[in-house]
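**Q** Take this structure first; my questions come after.
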Amino acid sequence: MEAEDERRAEAEQARRVEAGDERRVEVAAERLKERIYATITMVAVTIGLALGGHVGPAGAALSVLGTAAGLWMATLVADGQAYRTVHRELPMWPGVRRSLYVTSPLLLSAVSPLLLIGAAALDLMPLRTALLTATGLDVLSLFLWGYVGGRRMGDRPIVALVAGVLDCAVGAIVVAVKVLAGH
C-alpha cells in the first residue's frame, strides 16, 4: 500500500513539474510573439521617420518611445478587457503580473532605435543613418528569430535559412510599403 501511495505521489510530482515546464514554455512563446510583433511595428516607425526627414533626434526618440509605450499600454488594456469579458471578473494580481511580464518585450523594441537616435543626437552619425540602421537591425533580428526557430525545431540549416528569409521578408515588405507610399 505504501509503495502504491509513493508511486502516486511521484507521478503527481512529475505531472506538476511537467505542467510548470509547459507554462514556462507558453510564457516564453508569448513574450517572443510580443517582441516580434513590436519589432515589425518598430520597422514601420523607424523607416517612416527615416524617409520623412522632418524630425530631429528628440522627435524621433519621442516617436519611438511613444510607439513602444502605446503598444504596451494597448496590449495591457486589451488583456484586461478580454479577461473581464471572458471571466466576468477583474483579473487578480498574479494575472496582472503575468500580463506585465509577457508584454514587457514590447518596450524592449525601442532600445536599439533609441540608442542609435542617441548616437545621432551626439553627432556621431546623421539621424537618417541611425534610423535606417535601426530598421536594418530590426529586419535582421526577424531573420535571426526565424533561423533560430527553425534550428530549434531540428530543421537542417538550409530549412532554417528559408524560415529566416521568410521572416525577414515580412520586415522587408513593411519597408517596401513605406517606400512605395512615399513616407
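Letters A, B, ... mark the chains of the C-alpha cells in the order given; residue numbers begin at 1 per chain; ligand numbers begin at 1, in order shown.
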Set the distance at 10 Å and use only C-alpha atoms: which residues neighbour A:Glu89 once local chain neighbours fewer than 6 positions away are removed? I'd like the list as a PyMOL selection string.
**A** chain A and resi 80-81+83
**Q** Those residues with N, CA and C atoms, as a PDB file, in the first residue's frame please?
**A**
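Heads up, here's the output in again33.pdb:
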ATOM      1  N   GLY A  80      -6.711  43.074 -20.257  1.00  0.00           N
ATOM      2  CA  GLY A  80      -7.658  43.296 -19.169  1.00  0.00           C
ATOM      3  C   GLY A  80      -9.100  43.199 -19.632  1.00  0.00           C
ATOM      4  N   GLN A  81      -9.407  43.817 -20.767  1.00  0.00           N
ATOM      5  CA  GLN A  81     -10.773  43.754 -21.286  1.00  0.00           C
ATOM      6  C   GLN A  81     -11.160  42.326 -21.640  1.00  0.00           C
ATOM      7  N   TYR A  83      -9.958  39.555 -20.394  1.00  0.00           N
ATOM      8  CA  TYR A  83     -10.120  38.784 -19.161  1.00  0.00           C
ATOM      9  C   TYR A  83     -11.479  39.072 -18.521  1.00  0.00           C
TER      10      TYR A  83
END
**Q** Skipping near chain neighbours, those fewer than 5 positions away, what residues fall within 8 Å of A:Ser109 using only C-alpha atoms, listed as a list in words?
**A** Arg35, Ala38, Thr39, Met42 and Ala68 of chain A
**Q** What lies within 9 Å of A:Ser63 using only C-alpha atoms, ignoring chain neighbours under 3 positions off, as a PyMOL selection string?
**A** chain A and resi 45-46+49+58-60+66-68
**Q** Take the residues just selected and output them with C-alpha atoms as a short mmCIF file (atom, residue, chain, number, x, y, z; two decimals), in the first residue's frame.
**A**
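See part.cif below for the written result:
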data_model
loop_
_atom_site.label_atom_id
_atom_site.label_comp_id
_atom_site.auth_asym_id
_atom_site.auth_seq_id
_atom_site.Cartn_x
_atom_site.Cartn_y
_atom_site.Cartn_z
CA VAL A 45 8.12 53.59 -37.43
CA THR A 46 11.88 53.90 -38.00
CA LEU A 49 10.91 58.58 -39.74
CA ALA A 58 14.23 64.44 -29.95
CA GLY A 59 11.15 64.00 -32.12
CA ALA A 60 12.38 60.65 -33.41
CA GLY A 66 5.63 56.66 -27.77
CA THR A 67 5.09 53.79 -30.18
CA ALA A 68 6.60 51.20 -27.84
#
**Q** Would you pick out the contacts of A:Gly150 at 12 Å or less, using only C-alpha atoms, so that residues sharing its chain but fewer than 6 positions from it are not included, and give the list as a PyMOL selection string?
**A** chain A and resi 143-144+156-167
**Q** Just give me the gap between atom CA of A:Ala28 and atom CA of A:Leu71 in Å, one decimal is fine.
**A** 18.7 Å
**Q** How far is it from atom CA of A:Leu137 to atom CA of A:Ala169, in Å with one decimal?
**A**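 Separation between atom CA of A:Leu137 and atom CA of A:Ala169: 13.5 Å.
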**Q** Any idea what the distance is between atom CA of A:Arg128 and atom CA of A:Ile40?
**A** 18.8 Å
**Q** Determine the nearest neighbour of A:Val170 from the options A:Pro94, A:Gly146, A:Gly56, A:Pro126, counting only C-alpha atoms.
**A** A:Gly146
**Q** Mind running stretch 48-107 of chain A against stretch 23-27 of chain A at 10 Å and telling me each contacting residue's nearest atom pair with the distance in Å (one decimal), counting only C-alpha atoms, chain and number ascending, as CSV?
**A**
residue,atom,partner,partner_atom,distance
A:Arg98,CA,A:Val27,CA,8.5
A:Ser99,CA,A:Val27,CA,9.6
A:Tyr101,CA,A:Val27,CA,8.8
A:Val102,CA,A:Val27,CA,6.5
**Q** Dump N, CA and C atoms for the selected residues as a short mmCIF file (atom, residue, chain, number, x, y, z; two decimals), in the first residue's frame?
**A**
data_model
loop_
_atom_site.label_atom_id
_atom_site.label_comp_id
_atom_site.auth_asym_id
_atom_site.auth_seq_id
_atom_site.Cartn_x
_atom_site.Cartn_y
_atom_site.Cartn_z
N ARG A 98 1.56 38.60 -14.54
CA ARG A 98 1.90 37.78 -15.70
C ARG A 98 1.77 38.60 -16.98
N SER A 99 0.70 39.38 -17.09
CA SER A 99 0.49 40.21 -18.27
C SER A 99 1.60 41.25 -18.41
N TYR A 101 4.65 40.95 -17.34
CA TYR A 101 5.85 40.22 -17.72
C TYR A 101 5.82 39.81 -19.19
N VAL A 102 4.69 39.29 -19.63
CA VAL A 102 4.57 38.80 -21.01
C VAL A 102 4.68 39.95 -22.00
#
**Q** What lies within 8 Å of A:Ala44 using only C-alpha atoms, ignoring chain neighbours under 6 positions off, as an NGL selection string?
**A** :A and (174-175 or 178)
**Q** Mind dumping the selected residues with C-alpha atoms as a compact mmCIF listing (two decimals), in the first residue's frame?
**A**
# COMPACT_ATOMS: atom_id res chain seq x y z
CA VAL A 174 6.89 46.66 -44.39
CA VAL A 175 9.86 48.71 -45.61
CA LYS A 178 6.58 52.57 -46.66
**Q** Check the smallest atom-to-atom distance from each of A:Gly171, A:Pro57, A:Gly154, A:Leu100 to A:Leu122 using only C-alpha atoms, then report the winner.
**A**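 Under the stated criterion, the closest residue is A:Pro57.
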